[in-house]
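coords.cif (mmCIF, C-alpha atoms and all ligand atoms) appears below.
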```cif
data_protein
loop_
_atom_site.label_atom_id
_atom_site.label_comp_id
_atom_site.auth_asym_id
_atom_site.auth_seq_id
_atom_site.Cartn_x
_atom_site.Cartn_y
_atom_site.Cartn_z
CA MET J 37 94.32 122.26 175.43
CA PRO J 38 90.72 122.67 176.77
CA ARG J 39 89.21 125.88 175.58
CA LYS J 40 87.72 128.25 178.11
CA PRO J 41 86.13 130.95 176.07
CA ARG J 42 84.65 132.75 179.07
CA LEU J 43 87.96 133.44 180.78
CA PRO J 44 89.84 136.50 179.61
CA ALA J 45 93.05 135.64 177.73
CA ALA J 46 95.34 137.11 180.38
CA ALA J 47 93.88 134.87 183.07
CA VAL J 48 94.38 131.81 180.89
CA TYR J 49 98.02 132.67 180.29
CA LEU J 50 98.60 133.25 183.99
CA LEU J 51 97.00 129.91 184.82
CA LEU J 52 99.11 128.09 182.24
CA LEU J 53 102.24 129.80 183.45
CA SER J 54 101.74 128.82 187.07
CA LEU J 55 100.79 125.27 186.05
CA GLY J 56 103.97 125.01 184.02
CA LEU J 57 106.04 126.33 186.90
CA LEU J 58 104.42 123.89 189.30
CA LEU J 59 105.07 120.99 186.96
CA TYR J 60 108.69 122.05 186.49
CA VAL J 61 109.30 122.36 190.22
CA SER J 62 107.66 119.05 191.02
CA VAL J 63 109.45 117.15 188.25
CA ARG J 64 112.76 118.60 189.34
CA GLY J 65 112.01 117.79 192.96
CA SER J 66 111.10 114.19 192.24
CA GLN J 67 114.13 113.75 190.00
CA GLU J 68 116.38 114.99 192.75
CA GLU J 69 114.66 112.78 195.30
CA LEU J 70 115.07 109.73 193.14
CA GLY J 71 118.59 110.70 192.22
CA VAL J 72 117.84 110.27 188.53
CA ALA J 73 118.79 113.74 187.42
CA GLY J 74 120.28 112.50 184.14
CA PRO J 75 122.97 115.05 183.53
CA SER J 76 122.97 114.85 179.75
CA ARG J 77 119.24 115.23 179.40
CA GLN J 78 119.06 118.06 181.87
CA GLN J 79 121.92 119.83 180.20
CA GLN J 80 120.23 119.39 176.85
CA GLN J 81 117.05 120.91 178.20
CA GLN J 82 118.94 123.70 179.84
CA ALA J 83 120.84 124.41 176.67
CA GLY J 84 117.57 124.65 174.82
CA VAL J 85 116.11 127.01 177.39
CA GLU J 86 119.24 129.12 177.35
CA LYS J 87 119.07 129.38 173.60
CA GLN J 88 115.49 130.49 173.84
CA HIS J 89 116.51 133.06 176.42
CA GLN J 90 119.30 134.27 174.22
CA ALA J 91 117.07 134.59 171.21
CA GLY J 92 114.44 136.37 173.28
CA ALA J 93 117.02 138.67 174.79
CA ALA J 94 118.45 139.46 171.38
CA ASP J 95 115.02 140.43 170.13
CA ALA J 96 114.40 142.54 173.19
CA VAL J 97 117.70 144.29 172.75
CA ARG J 98 116.97 144.91 169.12
CA THR J 99 113.62 146.47 169.91
CA ARG J 100 115.17 148.58 172.63
CA ASN J 101 117.83 149.80 170.24
CA ILE J 102 115.24 150.81 167.72
CA LYS J 103 113.48 152.80 170.41
CA TRP J 104 116.70 154.46 171.40
CA LYS J 105 117.51 155.30 167.84
CA LYS J 106 114.25 157.13 167.60
CA ARG J 107 115.36 159.28 170.48
CA GLY J 108 118.44 160.16 168.49
CA ARG J 109 121.18 158.48 170.50
CA THR J 110 123.84 156.56 168.64
CA LYS J 111 126.85 155.48 170.63
CA GLU J 112 125.93 153.89 173.94
CA GLN J 113 123.13 151.80 172.49
CA LEU J 114 125.33 149.18 170.79
CA THR J 115 124.81 145.65 172.06
CA ASN J 116 128.29 144.60 171.06
CA PRO J 117 130.46 147.61 170.22
CA HIS J 118 133.51 145.43 169.44
CA ASP J 119 135.98 148.19 170.31
CA PHE J 120 138.89 145.93 171.21
CA HIS J 121 142.33 147.39 170.70
CA LEU J 122 144.39 145.90 167.85
CA MET J 123 147.50 144.50 169.50
CA ILE J 124 149.06 143.39 166.21
CA ASN J 125 148.05 144.64 162.82
CA ASN J 126 149.53 144.10 159.40
CA VAL J 127 147.84 146.97 157.62
CA ASN J 128 149.52 146.45 154.29
CA THR J 129 148.39 142.87 153.75
CA CYS J 130 145.99 143.81 150.98
CA ASN J 131 148.00 146.70 149.53
CA SER J 132 149.87 144.57 147.05
CA ASP J 133 150.42 145.43 143.40
CA THR J 134 147.84 142.96 142.25
CA THR J 135 144.32 143.03 143.61
CA VAL J 136 143.58 140.62 146.39
CA TRP J 137 140.80 138.53 145.05
CA LEU J 138 140.22 136.16 147.95
CA LEU J 139 141.03 136.97 151.56
CA VAL J 140 141.35 133.94 153.82
CA LEU J 141 140.78 134.55 157.53
CA VAL J 142 142.20 131.71 159.62
CA SER J 143 140.91 131.58 163.17
CA SER J 144 143.89 130.34 165.19
CA GLY J 145 144.70 129.69 168.84
CA VAL J 146 147.65 131.77 170.00
CA ALA J 147 149.71 128.75 171.04
CA ASN J 148 149.20 126.93 167.70
CA PHE J 149 152.54 128.00 166.20
CA HIS J 150 153.10 124.61 164.54
CA ARG J 151 149.72 124.67 162.83
CA ARG J 152 150.31 128.14 161.40
CA ARG J 153 153.72 127.04 160.21
CA ALA J 154 152.27 123.99 158.46
CA ILE J 155 149.69 126.16 156.70
CA ARG J 156 152.39 128.61 155.54
CA ASP J 157 154.54 125.73 154.32
CA THR J 158 151.71 124.16 152.36
CA TRP J 159 148.41 125.45 150.93
CA GLY J 160 148.65 128.86 152.62
CA GLY J 161 152.18 129.72 151.54
CA ALA J 162 152.88 133.10 149.94
CA THR J 163 153.70 131.59 146.54
CA PRO J 164 150.65 129.32 146.11
CA LEU J 165 148.43 132.11 147.39
CA ALA J 166 149.94 134.70 145.08
CA SER J 167 149.18 132.57 142.04
CA SER J 168 145.55 132.54 143.19
CA HIS J 169 145.51 136.30 143.96
CA ALA J 170 144.71 135.35 147.52
CA LYS J 171 145.98 136.54 150.90
CA LEU J 172 145.79 134.93 154.28
CA VAL J 173 145.82 136.30 157.80
CA PHE J 174 145.63 134.49 161.12
CA LEU J 175 143.18 135.85 163.68
CA LEU J 176 144.39 135.77 167.28
CA GLY J 177 143.08 136.97 170.62
CA ASN J 178 145.02 137.93 173.71
CA PRO J 179 146.71 134.98 175.47
CA HIS J 180 147.44 137.03 178.63
CA ASN J 181 150.80 135.30 178.70
CA THR J 182 154.03 137.21 178.23
CA ASP J 183 156.05 134.35 176.73
CA LEU J 184 153.42 133.50 174.15
CA GLN J 185 152.94 137.15 173.32
CA THR J 186 156.66 137.69 172.76
CA GLN J 187 156.70 134.74 170.39
CA VAL J 188 153.67 135.98 168.49
CA VAL J 189 155.15 139.45 168.06
CA GLU J 190 158.28 137.80 166.66
CA GLU J 191 156.20 135.57 164.38
CA SER J 192 154.33 138.59 163.06
CA ARG J 193 157.63 140.36 162.31
CA THR J 194 158.80 137.36 160.33
CA TYR J 195 155.66 136.55 158.37
CA GLY J 196 153.49 139.67 158.52
CA ASP J 197 150.30 137.64 158.56
CA ILE J 198 149.06 138.02 162.15
CA ILE J 199 146.10 140.10 163.28
CA GLN J 200 145.54 140.21 167.02
CA GLU J 201 142.89 141.91 169.09
CA ASP J 202 142.74 142.47 172.80
CA PHE J 203 140.02 140.05 173.88
CA THR J 204 140.73 136.86 175.77
CA ASP J 205 141.77 134.11 173.35
CA SER J 206 139.42 131.29 174.31
CA TYR J 207 137.06 128.78 172.76
CA MET J 208 134.02 130.63 174.06
CA ASN J 209 135.30 133.78 172.39
CA LEU J 210 135.54 132.33 168.89
CA THR J 211 132.56 134.40 167.84
CA LEU J 212 134.46 137.55 168.76
CA LYS J 213 137.28 136.30 166.58
CA SER J 214 135.02 135.99 163.57
CA VAL J 215 133.57 139.43 164.18
CA MET J 216 137.12 140.69 164.42
CA GLY J 217 137.81 139.14 161.02
CA LEU J 218 134.78 140.87 159.51
CA LYS J 219 135.83 144.18 161.03
CA TRP J 220 139.41 143.88 159.86
CA ALA J 221 138.46 142.76 156.34
CA SER J 222 135.98 145.59 155.91
CA ARG J 223 138.60 148.07 157.01
CA TYR J 224 141.87 146.82 155.57
CA CYS J 225 140.87 144.59 152.67
CA GLN J 226 137.79 146.25 151.26
CA ARG J 227 138.32 145.30 147.66
CA ALA J 228 138.50 141.53 148.07
CA SER J 229 135.87 139.87 145.89
CA PHE J 230 135.54 137.01 148.37
CA VAL J 231 136.33 136.49 152.02
CA MET J 232 136.72 133.03 153.47
CA LYS J 233 136.64 132.08 157.13
CA THR J 234 138.41 128.92 158.21
CA ASP J 235 140.33 127.35 161.12
CA ASP J 236 143.95 126.39 161.64
CA ASP J 237 143.28 122.64 161.32
CA ILE J 238 141.79 122.86 157.85
CA PHE J 239 143.48 121.97 154.59
CA ILE J 240 142.20 124.04 151.70
CA ASN J 241 142.47 122.93 148.10
CA MET J 242 143.04 126.47 146.85
CA PRO J 243 143.25 125.86 143.09
CA LYS J 244 139.97 123.97 143.14
CA LEU J 245 138.27 126.61 145.27
CA ILE J 246 139.57 129.47 143.15
CA THR J 247 138.49 127.81 139.93
CA TYR J 248 135.03 127.42 141.35
CA LEU J 249 134.79 130.98 142.67
CA GLN J 250 135.87 132.44 139.35
CA GLU J 251 132.62 131.20 137.88
CA ALA J 252 130.54 131.93 140.96
CA ARG J 253 128.20 134.70 141.98
CA ARG J 254 129.95 137.89 143.03
CA SER J 255 127.26 139.46 145.12
CA ARG J 256 125.35 138.93 148.34
CA TRP J 257 125.81 135.29 149.19
CA ILE J 258 127.46 132.91 151.60
CA THR J 259 128.37 129.35 150.73
CA GLY J 260 129.62 126.38 152.72
CA CYS J 261 128.38 123.10 154.11
CA ILE J 262 124.95 123.40 155.70
CA LYS J 263 125.02 121.22 158.80
CA GLN J 264 121.29 120.64 158.98
CA LYS J 265 121.47 118.94 155.60
CA LYS J 266 123.87 116.38 157.03
CA SER J 267 121.66 114.58 159.57
CA PHE J 268 121.97 117.31 162.13
CA ARG J 269 119.07 116.81 164.53
CA PRO J 270 118.37 117.68 168.11
CA VAL J 271 118.61 114.53 170.24
CA ASN J 272 117.21 113.56 173.63
CA VAL J 273 114.21 115.78 173.48
CA PRO J 274 111.83 114.38 176.13
CA ALA J 275 108.41 113.47 174.80
CA GLY J 276 105.74 116.02 175.57
CA LEU J 277 108.11 118.92 175.88
CA PRO J 278 108.24 121.43 173.07
CA LEU J 279 111.22 120.99 170.76
CA PRO J 280 114.09 123.31 171.51
CA PRO J 281 114.33 126.03 168.91
CA VAL J 282 116.20 124.76 165.89
CA HIS J 283 118.95 126.94 164.56
CA PRO J 284 118.18 128.69 161.34
CA LEU J 285 120.21 127.19 158.48
CA PHE J 286 123.91 127.88 158.87
CA VAL J 287 127.15 126.69 157.28
CA ALA J 288 129.97 124.99 159.18
CA GLY J 289 132.64 127.30 160.55
CA ALA J 290 135.40 125.00 159.30
CA GLY J 291 135.25 126.82 155.99
CA TYR J 292 132.75 129.18 154.43
CA VAL J 293 133.01 131.83 151.77
CA MET J 294 131.12 135.08 151.41
CA SER J 295 131.08 137.65 148.66
CA GLY J 296 133.13 140.71 149.58
CA ASP J 297 130.22 143.11 149.25
CA ILE J 298 128.50 141.90 152.43
CA VAL J 299 131.47 141.89 154.80
CA ARG J 300 130.98 145.39 156.13
CA GLU J 301 127.23 144.88 156.45
CA LEU J 302 127.76 141.71 158.45
CA TYR J 303 130.14 143.54 160.77
CA THR J 304 127.74 146.42 161.23
CA ALA J 305 124.93 143.96 161.95
CA SER J 306 127.05 142.34 164.66
CA LEU J 307 127.18 145.58 166.61
CA ASN J 308 123.51 145.22 167.44
CA THR J 309 123.12 141.45 167.42
CA ARG J 310 123.70 139.66 170.65
CA ILE J 311 126.77 137.41 170.61
CA ILE J 312 126.22 133.67 170.95
CA PRO J 313 129.22 131.39 171.47
CA VAL J 314 128.60 129.47 168.23
CA GLU J 315 130.55 131.38 165.63
CA ASP J 316 129.14 129.81 162.49
CA VAL J 317 125.51 130.05 163.59
CA TYR J 318 126.06 133.64 164.63
CA VAL J 319 127.63 134.84 161.38
CA THR J 320 126.04 132.69 158.70
CA ALA J 321 122.54 132.49 160.19
CA HIS J 322 121.86 135.34 162.63
CA LEU J 323 123.89 138.12 161.02
CA ALA J 324 123.09 136.85 157.54
CA ARG J 325 119.39 137.07 158.34
CA VAL J 326 119.73 140.63 159.60
CA ILE J 327 121.24 141.75 156.31
CA GLY J 328 119.03 139.57 154.13
CA VAL J 329 121.52 137.04 152.72
CA HIS J 330 119.92 134.02 154.30
CA PRO J 331 119.85 131.06 153.79
CA PRO J 332 123.43 130.25 152.78
CA VAL J 333 124.13 128.07 149.74
CA HIS J 334 124.93 124.44 150.50
CA ASP J 335 127.95 122.88 148.81
CA THR J 336 129.18 119.43 149.83
CA ARG J 337 132.71 120.25 148.73
CA PHE J 338 133.09 122.25 151.93
CA THR J 339 133.50 120.13 155.04
CA CYS J 340 130.81 119.78 157.66
CA GLY J 341 133.33 118.31 160.06
CA GLU J 342 133.61 114.73 158.81
CA MET J 343 136.97 113.00 158.85
CA VAL J 344 139.14 112.84 155.74
CA ASN J 345 139.75 109.13 155.21
CA ASP J 346 142.28 109.27 152.44
CA ASP J 347 144.75 112.07 151.69
CA CYS J 348 143.73 111.96 148.05
CA ASP J 349 140.13 112.77 148.98
CA LEU J 350 141.32 116.37 149.05
CA VAL J 351 141.50 116.33 145.26
CA GLN J 352 137.71 116.36 145.03
CA VAL J 353 136.84 118.90 147.70
CA PHE J 354 137.55 122.46 148.82
CA THR J 355 138.32 121.80 152.48
CA GLY J 356 139.46 118.96 154.72
CA HIS J 357 138.79 119.07 158.44
CA LYS J 358 140.86 118.05 161.49
CA ILE J 359 144.15 117.85 159.64
CA THR J 360 147.22 117.67 161.85
CA PRO J 361 150.26 119.73 160.83
CA GLU J 362 152.14 116.55 159.89
CA ARG J 363 149.32 115.41 157.65
CA MET J 364 149.14 118.82 155.98
CA TYR J 365 152.64 118.25 154.66
CA HIS J 366 151.73 114.75 153.45
CA ILE J 367 148.63 115.93 151.64
CA TRP J 368 150.47 118.86 150.14
CA GLU J 369 153.20 116.61 148.79
CA LYS J 370 150.69 114.21 147.31
CA LEU J 371 148.77 116.99 145.57
CA ASN J 372 151.89 118.85 144.44
CA PRO J 373 154.57 116.27 143.74
CA ASN J 374 157.93 117.58 142.57
CA GLY J 375 158.18 116.47 138.98
CA ILE J 376 156.72 113.03 139.44
CA THR J 377 153.14 111.93 138.92
CA SER J 378 150.83 112.59 141.83
CA PRO J 379 149.68 109.35 143.49
CA CYS J 380 146.24 110.99 143.65
CA PHE J 381 145.85 111.03 139.87
CA ASP J 382 146.32 107.51 138.59
CA PHE J 383 145.76 107.75 134.87
C1 LIG J 401 136.05 136.93 176.09
O1 LIG J 401 136.81 138.09 176.02
C2 LIG J 401 136.42 139.11 176.91
C3 LIG J 401 137.25 140.34 176.61
O2 LIG J 401 138.61 140.09 176.82
C4 LIG J 401 136.57 138.63 178.34
O3 LIG J 401 136.13 139.62 179.23
C5 LIG J 401 135.79 137.36 178.53
O4 LIG J 401 136.05 136.84 179.80
C6 LIG J 401 136.15 136.34 177.47
N1 LIG J 401 135.25 135.22 177.61
C7 LIG J 401 135.68 133.98 177.72
C8 LIG J 401 134.62 132.96 177.92
O5 LIG J 401 136.83 133.67 177.65
#
```
How does this structure look as structure tokens?
Ligand SMILES: *[C@@H]1O[C@H](CO)[C@@H](O)[C@H](O)[C@H]1NC(C)=O
Amino acid sequence: MPRKPRLPAAAVYLLLLSLGLLLYVSVRGSQEELGVAGPSRQQQQQAGVEKQHQAGAADAVRTRNIKWKKRGRTKEQLTNPHDFHLMINNVNTCNSDTTVWLLVLVSSGVANFHRRRAIRDTWGGATPLASSHAKLVFLLGNPHNTDLQTQVVEESRTYGDIIQEDFTDSYMNLTLKSVMGLKWASRYCQRASFVMKTDDDIFINMPKLITYLQEARRSRWITGCIKQKKSFRPVNVPAGLPLPPVHPLFVAGAGYVMSGDIVRELYTASLNTRIIPVEDVYVTAHLARVIGVHPPVHDTRFTCGEMVNDDCDLVQVFTGHKITPERMYHIWEKLNPNGITSPCFDF
């Protein structure tokens, strides 16, 4: 950048801005003319720009809120009030005789009845969980579908493990689902030492996880698999353009654990932190930063999304990703054989 010390700074910025705009317009124009508007590259760039916008907007909102606070307002200033009505609640989940030590929040699509069933029949069943002093609830949104809703109400009556809030159940709303989990846990399961967030296609090796957590820190931390440590890099960044902003370190949403003492703080932070549609980045990086528990602690025994090659691999790790309901039963049987030696322990 040539230095022009005589020009006032504002003029330089203005000049650069218009130059940039000109360049953008002309590049776009020529790309369209030539018909080479590579969709993937453009989308990548756009995604980067959008992220920048979002981050900028979030900062702006935060500053605005601080200003408003100074004027003494409290209610209408929230960026994300999260005041969705609870359509299904099972308030007594954590009011058992024994303390709930670990609460597992399973983000689940409303229509995934078979996945929830497989979890209940295997690692997430009442009996295995009870021996670990753990509880599990499934987090659902609103399907806006009468048949599905009727089935879910029935399912909740039978199993008592459904929590449902009145926001549209969709992939883009997964962040709302995690916030919902934080809100529910901080209200109805306050005494849990640990809270885990996972999905309905994850197999969890509960005994191994519990054994680990018993020796682990109890206060102010989040642990999981940090994606950036597993060759997670932005691709297709055109030369000469600034790199898109890299996410702050975050752990994969497939399974992460936080100490119970930060759950309410994370929820409160969400009320004034702009939602982004990437649940794990939002909770374990953005919210975690707001409350000062960043970065999370990397542990390779949580999955970062890689495939599980062999069923017996689950012996060594806490979580396995992309497990079909059928496979959940297979893995469960291999890890917990009835009376015979497990094929996963050949000694
Ligand atoms: C998320 O849920 C809200 C509240 O129900 C809804 O207005 C919005 O359209 C949903 N967004 C998506 C992308 O589904």
Please tabulate, as CSV, the residues of chain J that come within 7 Å of ligand LIG 401 (chain J), each with its closest pair of atoms and the distance in Å to one decimal, counting only C-alpha atoms and all ligand atoms and ordering rows by chain, then residue number upward.
```
residue,atom,partner,partner_atom,distance
J:Asp202,CA,J:LIG401,O2,6.2
J:Phe203,CA,J:LIG401,O2,3.3
J:Thr204,CA,J:LIG401,O2,4.0
J:Asp205,CA,J:LIG401,O5,6.6
J:Ser206,CA,J:LIG401,O5,4.9
J:Tyr207,CA,J:LIG401,O5,6.9
J:Met208,CA,J:LIG401,C8,4.5
J:Asn209,CA,J:LIG401,C1,4.9
```
With C-alpha atoms retained, write the just-selected residues as a tab-separated table (two decimals), keeping the file's coordinate frame.
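The resulting file, again.tsv, is reproduced below:
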```tsv
chain	number	residue	atom	x	y	z
J	202	ASP	CA	142.74	142.47	172.80
J	203	PHE	CA	140.02	140.05	173.88
J	204	THR	CA	140.73	136.86	175.77
J	205	ASP	CA	141.77	134.11	173.35
J	206	SER	CA	139.42	131.29	174.31
J	207	TYR	CA	137.06	128.78	172.76
J	208	MET	CA	134.02	130.63	174.06
J	209	ASN	CA	135.30	133.78	172.39
```
Given the choices J:Ile312, J:Ile124, J:Ile240, J:Val136, which gets closest to Gln185 (chain J) if the distance is worked out from all atoms listed in the file?
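Result for the nearest residue to Gln185 (chain J): J:Ile124.
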As a PDB file with C-alpha atoms, in the coordinates of the input, please: the residues near Gly161 (chain J) (cut-off 12 Å, all atoms listed in the file, same-chain neighbours under 5 positions excluded).
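File produced: around36.pdb:
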```pdb
ATOM      1  CA  VAL J 140     141.350 133.940 153.820  1.00  0.00           C
ATOM      2  CA  ARG J 152     150.310 128.140 161.400  1.00  0.00           C
ATOM      3  CA  ARG J 153     153.720 127.040 160.210  1.00  0.00           C
ATOM      4  CA  ALA J 154     152.270 123.990 158.460  1.00  0.00           C
ATOM      5  CA  ILE J 155     149.690 126.160 156.700  1.00  0.00           C
ATOM      6  CA  ARG J 156     152.390 128.610 155.540  1.00  0.00           C
ATOM      7  CA  ALA J 166     149.940 134.700 145.080  1.00  0.00           C
ATOM      8  CA  SER J 167     149.180 132.570 142.040  1.00  0.00           C
ATOM      9  CA  SER J 168     145.550 132.540 143.190  1.00  0.00           C
ATOM     10  CA  ALA J 170     144.710 135.350 147.520  1.00  0.00           C
ATOM     11  CA  LYS J 171     145.980 136.540 150.900  1.00  0.00           C
ATOM     12  CA  LEU J 172     145.790 134.930 154.280  1.00  0.00           C
ATOM     13  CA  VAL J 173     145.820 136.300 157.800  1.00  0.00           C
ATOM     14  CA  TYR J 195     155.660 136.550 158.370  1.00  0.00           C
ATOM     15  CA  ASP J 197     150.300 137.640 158.560  1.00  0.00           C
ATOM     16  CA  ILE J 240     142.200 124.040 151.700  1.00  0.00           C
ATOM     17  CA  MET J 242     143.040 126.470 146.850  1.00  0.00           C
ATOM     18  CA  TYR J 365     152.640 118.250 154.660  1.00  0.00           C
ATOM     19  CA  TRP J 368     150.470 118.860 150.140  1.00  0.00           C
TER      20      TRP J 368
END
```
Which of these residues is nearest to Asn308 (chain J), using only C-alpha atoms: J:His169, J:Gln113, J:Cys348, J:Ser255?
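The closest residue to Asn308 (chain J) is J:Gln113.
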Contact residues around Lys358 (chain J) with all atoms listed in the file at 12 Å, ignoring same-chain residues under 3 positions, as a PyMOL selection string
chain J and resi 151+234-240+290-291+339-345+355+361-364
Which residue out of J:Asn148, J:Thr182, J:Ser143, J:Asn372 has the minimum interatomic distance to Lys213 (chain J) when all atoms listed in the file are used?
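Going through J:Asn148, J:Thr182, J:Ser143, J:Asn372 one by one, the smallest distance to Lys213 (chain J) is for J:Ser143.
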So the first atom is CA of Thr304 (chain J) and the second is CA of Leu285 (chain J); what is the distance between them in Å, to one decimal place?
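Going from CA of Thr304 (chain J) over to CA of Leu285 (chain J) covers 20.8 Å.
We find CA of Val353 (chain J) and CA of Asp335 (chain J) to be spaced 9.8 Å apart.
The gap separating CA of Arg325 (chain J) from CA of Ile298 (chain J) is 11.9 Å, in Å to one decimal.
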Since the input is missing atoms, can you rebuild N, CA and C atoms for region 296-315 of chain J and write them as a PDB file, keeping the file's coordinate frame?
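Final file, rebuild.pdb:
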```pdb
ATOM      1  N   GLY J 296     132.514 139.581 148.876  1.00  0.00           N
ATOM      2  CA  GLY J 296     133.130 140.710 149.580  1.00  0.00           C
ATOM      3  C   GLY J 296     132.176 141.851 149.875  1.00  0.00           C
ATOM      4  N   ASP J 297     131.116 141.961 149.092  1.00  0.00           N
ATOM      5  CA  ASP J 297     130.220 143.110 149.250  1.00  0.00           C
ATOM      6  C   ASP J 297     129.382 143.085 150.525  1.00  0.00           C
ATOM      7  N   ILE J 298     129.349 141.947 151.230  1.00  0.00           N
ATOM      8  CA  ILE J 298     128.500 141.900 152.430  1.00  0.00           C
ATOM      9  C   ILE J 298     129.310 141.935 153.734  1.00  0.00           C
ATOM     10  N   VAL J 299     130.638 142.005 153.609  1.00  0.00           N
ATOM     11  CA  VAL J 299     131.470 141.890 154.800  1.00  0.00           C
ATOM     12  C   VAL J 299     131.212 143.044 155.780  1.00  0.00           C
ATOM     13  N   ARG J 300     131.197 144.248 155.257  1.00  0.00           N
ATOM     14  CA  ARG J 300     130.980 145.390 156.130  1.00  0.00           C
ATOM     15  C   ARG J 300     129.570 145.353 156.742  1.00  0.00           C
ATOM     16  N   GLU J 301     128.608 144.969 155.941  1.00  0.00           N
ATOM     17  CA  GLU J 301     127.230 144.880 156.450  1.00  0.00           C
ATOM     18  C   GLU J 301     127.124 143.859 157.572  1.00  0.00           C
ATOM     19  N   LEU J 302     127.798 142.727 157.412  1.00  0.00           N
ATOM     20  CA  LEU J 302     127.760 141.710 158.450  1.00  0.00           C
ATOM     21  C   LEU J 302     128.378 142.258 159.734  1.00  0.00           C
ATOM     22  N   TYR J 303     129.510 142.961 159.584  1.00  0.00           N
ATOM     23  CA  TYR J 303     130.140 143.540 160.770  1.00  0.00           C
ATOM     24  C   TYR J 303     129.215 144.536 161.441  1.00  0.00           C
ATOM     25  N   THR J 304     128.636 145.409 160.662  1.00  0.00           N
ATOM     26  CA  THR J 304     127.740 146.420 161.230  1.00  0.00           C
ATOM     27  C   THR J 304     126.561 145.747 161.937  1.00  0.00           C
ATOM     28  N   ALA J 305     126.053 144.687 161.333  1.00  0.00           N
ATOM     29  CA  ALA J 305     124.930 143.960 161.950  1.00  0.00           C
ATOM     30  C   ALA J 305     125.338 143.382 163.301  1.00  0.00           C
ATOM     31  N   SER J 306     126.600 142.963 163.416  1.00  0.00           N
ATOM     32  CA  SER J 306     127.050 142.340 164.660  1.00  0.00           C
ATOM     33  C   SER J 306     127.012 143.314 165.833  1.00  0.00           C
ATOM     34  N   LEU J 307     127.126 144.594 165.539  1.00  0.00           N
ATOM     35  CA  LEU J 307     127.180 145.580 166.610  1.00  0.00           C
ATOM     36  C   LEU J 307     125.878 145.618 167.413  1.00  0.00           C
ATOM     37  N   ASN J 308     124.802 145.207 166.754  1.00  0.00           N
ATOM     38  CA  ASN J 308     123.510 145.220 167.440  1.00  0.00           C
ATOM     39  C   ASN J 308     122.864 143.853 167.515  1.00  0.00           C
ATOM     40  N   THR J 309     123.665 142.804 167.335  1.00  0.00           N
ATOM     41  CA  THR J 309     123.120 141.450 167.420  1.00  0.00           C
ATOM     42  C   THR J 309     123.843 140.722 168.530  1.00  0.00           C
ATOM     43  N   ARG J 310     123.091 140.250 169.486  1.00  0.00           N
ATOM     44  CA  ARG J 310     123.700 139.660 170.650  1.00  0.00           C
ATOM     45  C   ARG J 310     124.590 138.480 170.296  1.00  0.00           C
ATOM     46  N   ILE J 311     125.797 138.471 170.874  1.00  0.00           N
ATOM     47  CA  ILE J 311     126.770 137.410 170.610  1.00  0.00           C
ATOM     48  C   ILE J 311     126.284 136.090 171.182  1.00  0.00           C
ATOM     49  N   ILE J 312     126.383 135.008 170.407  1.00  0.00           N
ATOM     50  CA  ILE J 312     126.220 133.670 170.950  1.00  0.00           C
ATOM     51  C   ILE J 312     127.537 132.940 170.719  1.00  0.00           C
ATOM     52  N   PRO J 313     127.875 131.971 171.576  1.00  0.00           N
ATOM     53  CA  PRO J 313     129.220 131.390 171.470  1.00  0.00           C
ATOM     54  C   PRO J 313     129.354 130.360 170.353  1.00  0.00           C
ATOM     55  N   VAL J 314     128.493 130.377 169.370  1.00  0.00           N
ATOM     56  CA  VAL J 314     128.600 129.470 168.230  1.00  0.00           C
ATOM     57  C   VAL J 314     128.844 130.330 167.000  1.00  0.00           C
ATOM     58  N   GLU J 315     130.114 130.435 166.650  1.00  0.00           N
ATOM     59  CA  GLU J 315     130.550 131.380 165.630  1.00  0.00           C
ATOM     60  C   GLU J 315     129.819 131.227 164.303  1.00  0.00           C
TER      61      GLU J 315
END
```
